[in-house]
file data.cif (mmCIF, C-alpha atoms and all ligand atoms; chains and numbers go by the auth columns)
data_upload
#
loop_
_atom_site.group_PDB
_atom_site.id
_atom_site.type_symbol
_atom_site.label_atom_id
_atom_site.label_comp_id
_atom_site.label_asym_id
_atom_site.label_seq_id
_atom_site.Cartn_x
_atom_site.Cartn_y
_atom_site.Cartn_z
_atom_site.B_iso_or_equiv
_atom_site.auth_seq_id
_atom_site.auth_asym_id
ATOM 1 C CA MET A 1 -39.711 -51.587 10.760 0.00 119 A
ATOM 2 C CA ASN A 2 -41.189 -54.402 8.805 0.00 120 A
ATOM 3 C CA ASN A 3 -44.533 -55.805 9.790 0.00 121 A
ATOM 4 C CA LYS A 4 -43.678 -59.344 8.786 0.00 122 A
ATOM 5 C CA CYS A 5 -42.372 -60.376 12.161 0.00 123 A
ATOM 6 C CA LYS A 6 -42.933 -64.097 12.118 0.00 124 A
ATOM 7 C CA SER A 7 -43.290 -66.568 14.893 0.00 125 A
ATOM 8 C CA CYS A 8 -43.009 -70.316 14.905 0.00 126 A
ATOM 9 C CA SER A 9 -46.300 -71.944 13.887 0.00 127 A
ATOM 10 C CA SER A 10 -45.652 -74.706 16.353 0.00 128 A
ATOM 11 C CA CYS A 11 -44.379 -73.148 19.580 0.00 129 A
ATOM 12 C CA GLY A 12 -44.918 -69.423 18.991 0.00 130 A
ATOM 13 C CA MET A 13 -41.298 -68.464 19.447 0.00 131 A
ATOM 14 C CA PRO A 14 -40.499 -65.173 17.665 0.00 132 A
ATOM 15 C CA LEU A 15 -38.418 -65.785 14.543 0.00 133 A
ATOM 16 C CA GLU A 16 -36.261 -62.694 14.579 0.00 134 A
ATOM 17 C CA ASN A 17 -32.937 -63.905 13.264 0.00 135 A
ATOM 18 C CA GLN A 18 -32.110 -66.223 10.436 0.00 136 A
ATOM 19 C CA GLU A 19 -30.609 -68.735 12.841 0.00 137 A
ATOM 20 C CA ASP A 20 -33.923 -68.960 14.725 0.00 138 A
ATOM 21 C CA PHE A 21 -35.584 -70.562 11.716 0.00 139 A
ATOM 22 C CA SER A 22 -35.594 -74.251 10.941 0.00 140 A
ATOM 23 C CA LEU A 23 -32.405 -74.979 8.965 0.00 141 A
ATOM 24 C CA GLY A 24 -31.746 -71.232 8.886 0.00 142 A
ATOM 25 C CA ASN A 25 -34.395 -70.965 6.180 0.00 143 A
ATOM 26 C CA VAL A 26 -36.322 -67.719 6.619 0.00 144 A
ATOM 27 C CA HIS A 27 -39.213 -69.127 4.590 0.00 145 A
ATOM 28 C CA SER A 28 -39.785 -71.894 7.098 0.00 146 A
ATOM 29 C CA GLU A 29 -42.907 -71.826 9.249 0.00 147 A
ATOM 30 C CA TYR A 30 -41.084 -73.285 12.214 0.00 148 A
ATOM 31 C CA CYS A 31 -38.190 -72.591 14.539 0.00 149 A
ATOM 32 C CA LYS A 32 -35.095 -74.735 14.820 0.00 150 A
ATOM 33 C CA TYR A 33 -36.321 -76.295 18.071 0.00 151 A
ATOM 34 C CA CYS A 34 -39.514 -77.702 16.556 0.00 152 A
ATOM 35 C CA THR A 35 -37.937 -79.427 13.572 0.00 153 A
ATOM 36 C CA ASN A 36 -35.509 -82.245 12.937 0.00 154 A
ATOM 37 C CA GLU A 37 -32.335 -82.099 10.880 0.00 155 A
ATOM 38 C CA ASN A 38 -34.404 -82.311 7.706 0.00 156 A
ATOM 39 C CA GLY A 39 -36.546 -79.336 8.641 0.00 157 A
ATOM 40 C CA GLN A 40 -39.591 -81.485 9.362 0.00 158 A
ATOM 41 C CA LEU A 41 -41.882 -80.774 12.274 0.00 159 A
ATOM 42 C CA LEU A 42 -41.223 -82.955 15.315 0.00 160 A
ATOM 43 C CA PRO A 43 -44.018 -84.998 16.953 0.00 161 A
ATOM 44 C CA PHE A 44 -46.324 -83.047 19.257 0.00 162 A
ATOM 45 C CA GLU A 45 -45.260 -85.025 22.338 0.00 163 A
ATOM 46 C CA GLN A 46 -41.620 -84.210 21.757 0.00 164 A
ATOM 47 C CA ILE A 47 -42.221 -80.489 21.407 0.00 165 A
ATOM 48 C CA LEU A 48 -44.555 -80.547 24.387 0.00 166 A
ATOM 49 C CA LEU A 49 -41.868 -82.143 26.522 0.00 167 A
ATOM 50 C CA ALA A 50 -39.201 -79.683 25.406 0.00 168 A
ATOM 51 C CA ASN A 51 -41.426 -76.705 26.145 0.00 169 A
ATOM 52 C CA ALA A 52 -42.555 -78.104 29.489 0.00 170 A
ATOM 53 C CA ASN A 53 -38.939 -78.620 30.521 0.00 171 A
ATOM 54 C CA TYR A 54 -38.150 -75.096 29.470 0.00 172 A
ATOM 55 C CA PHE A 55 -40.993 -73.640 31.562 0.00 173 A
ATOM 56 C CA LYS A 56 -40.017 -75.797 34.493 0.00 174 A
ATOM 57 C CA GLU A 57 -36.446 -74.562 34.461 0.00 175 A
ATOM 58 C CA SER A 58 -37.000 -70.937 33.480 0.00 176 A
ATOM 59 C CA GLN A 59 -40.032 -70.278 35.683 0.00 177 A
ATOM 60 C CA GLY A 60 -39.633 -72.813 38.457 0.00 178 A
ATOM 61 C CA LEU A 61 -42.999 -74.415 37.764 0.00 179 A
ATOM 62 C CA THR A 62 -44.043 -77.847 38.946 0.00 180 A
ATOM 63 C CA GLU A 63 -44.012 -80.539 36.317 0.00 181 A
ATOM 64 C CA GLN A 64 -47.796 -80.557 36.181 0.00 182 A
ATOM 65 C CA ALA A 65 -48.081 -76.780 35.816 0.00 183 A
ATOM 66 C CA ALA A 66 -45.319 -76.698 33.227 0.00 184 A
ATOM 67 C CA ASN A 67 -47.001 -79.461 31.225 0.00 185 A
ATOM 68 C CA LYS A 68 -50.327 -77.666 31.249 0.00 186 A
ATOM 69 C CA MET A 69 -48.737 -74.370 30.257 0.00 187 A
ATOM 70 C CA ALA A 70 -46.849 -75.988 27.377 0.00 188 A
ATOM 71 C CA HIS A 71 -49.964 -77.842 26.279 0.00 189 A
ATOM 72 C CA ASP A 72 -52.104 -74.684 26.273 0.00 190 A
ATOM 73 C CA LEU A 73 -49.414 -72.784 24.408 0.00 191 A
ATOM 74 C CA LEU A 74 -48.986 -75.391 21.678 0.00 192 A
ATOM 75 C CA LYS A 75 -52.725 -75.864 21.233 0.00 193 A
ATOM 76 C CA SER A 76 -53.062 -72.149 20.511 0.00 194 A
ATOM 77 C CA GLN A 77 -50.599 -72.371 17.612 0.00 195 A
ATOM 78 C CA PRO A 78 -51.589 -72.966 13.967 0.00 196 A
ATOM 79 C CA ALA A 79 -49.619 -76.212 13.679 0.00 197 A
ATOM 80 C CA TRP A 80 -51.597 -77.937 16.456 0.00 198 A
ATOM 81 C CA LYS A 81 -55.068 -76.479 16.175 0.00 199 A
ATOM 82 C CA MET A 82 -57.626 -79.107 15.443 0.00 200 A
HETATM 83 ZN ZN ZN B . -41.021 -73.705 17.413 0.00 301 B
#

call {"tool": "encode", "arguments": {"input": "data.cif", "output": "C-alpha cells", "more": "lines below"}}
Ligand SMILES: [Zn+2]
result
Amino acid sequence: MNNKCKSCSSCGMPLENQEDFSLGNVHSEYCKYCTNENGQLLPFEQILLANANYFKESQGLTEQAANKMAHDLLKSQPAWKM
C-alpha cells in the first residue's frame, strides 16, 4: 500500500484512479469535476452547485440542507480555506 492516497484539494473526492484526476494528470491537485477542459479550477459557486446537486440526489436532502453540506465540505478543503 502506498501512503500517498490523494484527494481533490477542492471537493475532497478521493483520487484513486488516473481518470479521477483533472485531465488524467496524476500530479494535479484537483479532480476532473472541479476543473475545466484546461485543467483550471472552476469558480467556487459552480463547484458548490455541483456538489449540492449531488448531495440532493444521492442523499435525498432538501436544497437548503444540501447547499449547507456542500458549503461546509468545500470550506474545509485547502483550495477554499481563507
Ligand atoms: Zn474535486

call {"tool": "closest_atom_pairs", "arguments": {"input": "data.cif", "of": "chain A", "to": "ligand ZN 301 (chain B)", "cutoff": "12 Å", "atoms": "only C-alpha atoms and all ligand atoms", "output": "tab-separated table"}}
result
residue	atom	partner	partner_atom	distance
A:Lys124	CA	B:ZN301	ZN	11.1
A:Ser125	CA	B:ZN301	ZN	7.9
A:Cys126	CA	B:ZN301	ZN	4.7
A:Ser127	CA	B:ZN301	ZN	6.6
A:Ser128	CA	B:ZN301	ZN	4.9
A:Cys129	CA	B:ZN301	ZN	4.0
A:Gly130	CA	B:ZN301	ZN	6.0
A:Met131	CA	B:ZN301	ZN	5.6
A:Pro132	CA	B:ZN301	ZN	8.6
A:Leu133	CA	B:ZN301	ZN	8.8
A:Asp138	CA	B:ZN301	ZN	9.0
A:Phe139	CA	B:ZN301	ZN	8.5
A:Ser140	CA	B:ZN301	ZN	8.5
A:Ser146	CA	B:ZN301	ZN	10.5
A:Glu147	CA	B:ZN301	ZN	8.6
A:Tyr148	CA	B:ZN301	ZN	5.2
A:Cys149	CA	B:ZN301	ZN	4.2
A:Lys150	CA	B:ZN301	ZN	6.5
A:Tyr151	CA	B:ZN301	ZN	5.4
A:Cys152	CA	B:ZN301	ZN	4.4
A:Thr153	CA	B:ZN301	ZN	7.6
A:Asn154	CA	B:ZN301	ZN	11.1
A:Gly157	CA	B:ZN301	ZN	11.3
A:Gln158	CA	B:ZN301	ZN	11.3
A:Leu159	CA	B:ZN301	ZN	8.8
A:Leu160	CA	B:ZN301	ZN	9.5
A:Pro161	CA	B:ZN301	ZN	11.7
A:Phe162	CA	B:ZN301	ZN	10.9
A:Gln164	CA	B:ZN301	ZN	11.4
A:Ile165	CA	B:ZN301	ZN	8.0
A:Leu166	CA	B:ZN301	ZN	10.4
A:Ala168	CA	B:ZN301	ZN	10.1
A:Asn169	CA	B:ZN301	ZN	9.2
A:Ala188	CA	B:ZN301	ZN	11.8
A:Leu191	CA	B:ZN301	ZN	11.0
A:Leu192	CA	B:ZN301	ZN	9.2
A:Gln195	CA	B:ZN301	ZN	9.7
A:Pro196	CA	B:ZN301	ZN	11.1
A:Ala197	CA	B:ZN301	ZN	9.7
A:Trp198	CA	B:ZN301	ZN	11.4

call {"tool": "resolve_selection", "arguments": {"input": "data.cif", "expression": "the PyMOL selection byres (((chain A and resi 187) around 12) and not hetatm)", "output": "PDB file with C-alpha atoms, in the frame of the given file"}}
result
ATOM      1  CA  CYS A 129     -44.379 -73.148  19.580  1.00  0.00           C
ATOM      2  CA  LEU A 166     -44.555 -80.547  24.387  1.00  0.00           C
ATOM      3  CA  LEU A 167     -41.868 -82.143  26.522  1.00  0.00           C
ATOM      4  CA  ALA A 168     -39.201 -79.683  25.406  1.00  0.00           C
ATOM      5  CA  ASN A 169     -41.426 -76.705  26.145  1.00  0.00           C
ATOM      6  CA  ALA A 170     -42.555 -78.104  29.489  1.00  0.00           C
ATOM      7  CA  ASN A 171     -38.939 -78.620  30.521  1.00  0.00           C
ATOM      8  CA  TYR A 172     -38.150 -75.096  29.470  1.00  0.00           C
ATOM      9  CA  PHE A 173     -40.993 -73.640  31.562  1.00  0.00           C
ATOM     10  CA  LYS A 174     -40.017 -75.797  34.493  1.00  0.00           C
ATOM     11  CA  GLN A 177     -40.032 -70.278  35.683  1.00  0.00           C
ATOM     12  CA  LEU A 179     -42.999 -74.415  37.764  1.00  0.00           C
ATOM     13  CA  THR A 180     -44.043 -77.847  38.946  1.00  0.00           C
ATOM     14  CA  GLU A 181     -44.012 -80.539  36.317  1.00  0.00           C
ATOM     15  CA  GLN A 182     -47.796 -80.557  36.181  1.00  0.00           C
ATOM     16  CA  ALA A 183     -48.081 -76.780  35.816  1.00  0.00           C
ATOM     17  CA  ALA A 184     -45.319 -76.698  33.227  1.00  0.00           C
ATOM     18  CA  ASN A 185     -47.001 -79.461  31.225  1.00  0.00           C
ATOM     19  CA  LYS A 186     -50.327 -77.666  31.249  1.00  0.00           C
ATOM     20  CA  ALA A 188     -46.849 -75.988  27.377  1.00  0.00           C
ATOM     21  CA  HIS A 189     -49.964 -77.842  26.279  1.00  0.00           C
ATOM     22  CA  ASP A 190     -52.104 -74.684  26.273  1.00  0.00           C
ATOM     23  CA  LEU A 191     -49.414 -72.784  24.408  1.00  0.00           C
ATOM     24  CA  LEU A 192     -48.986 -75.391  21.678  1.00  0.00           C
ATOM     25  CA  LYS A 193     -52.725 -75.864  21.233  1.00  0.00           C
ATOM     26  CA  SER A 194     -53.062 -72.149  20.511  1.00  0.00           C
TER      27      SER A 194
END

call {"tool": "axis_aligned_box", "arguments": {"input": "data.cif", "around": "region 137-141 of chain A", "padding_each_side": "8 Å", "output": "lines of an AutoDock Vina configuration file"}}
result
center_x = -33.1
center_y = -71.9
center_z = 11.8
size_x = 21.0
size_y = 22.2
size_z = 21.8

call {"tool": "decode", "arguments": {"input": "data.cif", "residues": "chain A", "atoms": "C-alpha atoms", "output": "PDB file, in the first residue's frame"}}
result
ATOM      1  CA  MET A 119       0.000   0.000   0.000  1.00  0.00           C
ATOM      2  CA  ASN A 120       1.229   3.451  -0.714  1.00  0.00           C
ATOM      3  CA  ASN A 121       0.533   6.222   1.727  1.00  0.00           C
ATOM      4  CA  LYS A 122       0.194   8.882  -0.932  1.00  0.00           C
ATOM      5  CA  CYS A 123      -3.522   8.485  -1.374  1.00  0.00           C
ATOM      6  CA  LYS A 124      -4.533  11.885  -2.631  1.00  0.00           C
ATOM      7  CA  SER A 125      -7.814  13.665  -2.557  1.00  0.00           C
ATOM      8  CA  CYS A 126      -9.050  16.633  -4.504  1.00  0.00           C
ATOM      9  CA  SER A 127      -7.964  19.898  -2.869  1.00  0.00           C
ATOM     10  CA  SER A 128     -11.246  21.440  -3.859  1.00  0.00           C
ATOM     11  CA  CYS A 129     -14.010  18.931  -3.134  1.00  0.00           C
ATOM     12  CA  GLY A 130     -12.194  16.215  -1.175  1.00  0.00           C
ATOM     13  CA  MET A 131     -13.030  13.426  -3.573  1.00  0.00           C
ATOM     14  CA  PRO A 132     -10.504  10.564  -3.310  1.00  0.00           C
ATOM     15  CA  LEU A 133      -8.203  10.495  -6.335  1.00  0.00           C
ATOM     16  CA  GLU A 134      -7.696   6.776  -6.686  1.00  0.00           C
ATOM     17  CA  ASN A 135      -7.507   6.246 -10.419  1.00  0.00           C
ATOM     18  CA  GLN A 136      -5.765   8.210 -13.094  1.00  0.00           C
ATOM     19  CA  GLU A 137      -9.080   9.104 -14.694  1.00  0.00           C
ATOM     20  CA  ASP A 138     -10.249  10.729 -11.442  1.00  0.00           C
ATOM     21  CA  PHE A 139      -7.625  13.444 -11.795  1.00  0.00           C
ATOM     22  CA  SER A 140      -8.055  16.648 -13.734  1.00  0.00           C
ATOM     23  CA  LEU A 141      -7.074  15.898 -17.350  1.00  0.00           C
ATOM     24  CA  GLY A 142      -5.959  12.445 -16.202  1.00  0.00           C
ATOM     25  CA  ASN A 143      -2.840  14.077 -14.783  1.00  0.00           C
ATOM     26  CA  VAL A 144      -1.855  12.322 -11.559  1.00  0.00           C
ATOM     27  CA  HIS A 145       0.160  15.362 -10.485  1.00  0.00           C
ATOM     28  CA  SER A 146      -2.922  17.547 -10.457  1.00  0.00           C
ATOM     29  CA  GLU A 147      -4.285  18.782  -7.141  1.00  0.00           C
ATOM     30  CA  TYR A 148      -7.855  18.535  -8.340  1.00  0.00           C
ATOM     31  CA  CYS A 149     -10.369  16.038  -9.646  1.00  0.00           C
ATOM     32  CA  LYS A 150     -11.909  16.137 -13.092  1.00  0.00           C
ATOM     33  CA  TYR A 151     -15.176  17.540 -11.725  1.00  0.00           C
ATOM     34  CA  CYS A 152     -13.579  20.652 -10.233  1.00  0.00           C
ATOM     35  CA  THR A 153     -11.654  21.753 -13.308  1.00  0.00           C
ATOM     36  CA  ASN A 154     -12.422  22.920 -16.813  1.00  0.00           C
ATOM     37  CA  GLU A 155     -11.089  21.464 -20.043  1.00  0.00           C
ATOM     38  CA  ASN A 156      -7.799  23.266 -19.476  1.00  0.00           C
ATOM     39  CA  GLY A 157      -7.317  21.768 -16.037  1.00  0.00           C
ATOM     40  CA  GLN A 158      -8.059  25.046 -14.271  1.00  0.00           C
ATOM     41  CA  LEU A 159     -10.092  25.178 -11.096  1.00  0.00           C
ATOM     42  CA  LEU A 160     -13.729  26.135 -11.640  1.00  0.00           C
ATOM     43  CA  PRO A 161     -15.338  29.038  -9.731  1.00  0.00           C
ATOM     44  CA  PHE A 162     -16.417  28.249  -6.174  1.00  0.00           C
ATOM     45  CA  GLU A 163     -20.108  28.816  -6.947  1.00  0.00           C
ATOM     46  CA  GLN A 164     -20.030  26.310  -9.769  1.00  0.00           C
ATOM     47  CA  ILE A 165     -18.424  23.591  -7.681  1.00  0.00           C
ATOM     48  CA  LEU A 166     -20.753  24.374  -4.801  1.00  0.00           C
ATOM     49  CA  LEU A 167     -23.765  23.923  -7.049  1.00  0.00           C
ATOM     50  CA  ALA A 168     -22.484  20.653  -8.489  1.00  0.00           C
ATOM     51  CA  ASN A 169     -21.803  19.229  -5.044  1.00  0.00           C
ATOM     52  CA  ALA A 170     -25.126  20.430  -3.653  1.00  0.00           C
ATOM     53  CA  ASN A 171     -26.958  18.774  -6.536  1.00  0.00           C
ATOM     54  CA  TYR A 172     -25.036  15.601  -5.916  1.00  0.00           C
ATOM     55  CA  PHE A 173     -25.966  15.542  -2.214  1.00  0.00           C
ATOM     56  CA  LYS A 174     -29.556  16.330  -3.045  1.00  0.00           C
ATOM     57  CA  GLU A 175     -29.843  13.420  -5.437  1.00  0.00           C
ATOM     58  CA  SER A 176     -27.691  10.861  -3.640  1.00  0.00           C
ATOM     59  CA  GLN A 177     -28.935  11.547  -0.110  1.00  0.00           C
ATOM     60  CA  GLY A 178     -32.384  12.981  -0.689  1.00  0.00           C
ATOM     61  CA  LEU A 179     -31.577  16.210   1.127  1.00  0.00           C
ATOM     62  CA  THR A 180     -33.542  19.419   0.803  1.00  0.00           C
ATOM     63  CA  GLU A 181     -31.945  22.083  -1.322  1.00  0.00           C
ATOM     64  CA  GLN A 182     -31.079  24.122   1.749  1.00  0.00           C
ATOM     65  CA  ALA A 183     -29.505  21.192   3.596  1.00  0.00           C
ATOM     66  CA  ALA A 184     -27.617  20.097   0.503  1.00  0.00           C
ATOM     67  CA  ASN A 185     -26.287  23.620  -0.034  1.00  0.00           C
ATOM     68  CA  LYS A 186     -25.095  23.882   3.542  1.00  0.00           C
ATOM     69  CA  MET A 187     -23.456  20.464   3.415  1.00  0.00           C
ATOM     70  CA  ALA A 188     -21.657  21.294   0.167  1.00  0.00           C
ATOM     71  CA  HIS A 189     -20.602  24.668   1.527  1.00  0.00           C
ATOM     72  CA  ASP A 190     -19.189  23.174   4.741  1.00  0.00           C
ATOM     73  CA  LEU A 191     -17.392  20.483   2.777  1.00  0.00           C
ATOM     74  CA  LEU A 192     -15.753  22.882   0.330  1.00  0.00           C
ATOM     75  CA  LYS A 193     -14.751  25.328   3.054  1.00  0.00           C
ATOM     76  CA  SER A 194     -12.854  22.537   4.798  1.00  0.00           C
ATOM     77  CA  GLN A 195     -10.714  21.904   1.710  1.00  0.00           C
ATOM     78  CA  PRO A 196      -7.317  23.533   1.056  1.00  0.00           C
ATOM     79  CA  ALA A 197      -8.450  25.240  -2.155  1.00  0.00           C
ATOM     80  CA  TRP A 198     -11.181  27.255  -0.399  1.00  0.00           C
ATOM     81  CA  LYS A 199      -9.781  27.926   3.042  1.00  0.00           C
ATOM     82  CA  MET A 200      -9.418  31.587   3.708  1.00  0.00           C
TER      83      MET A 200
END
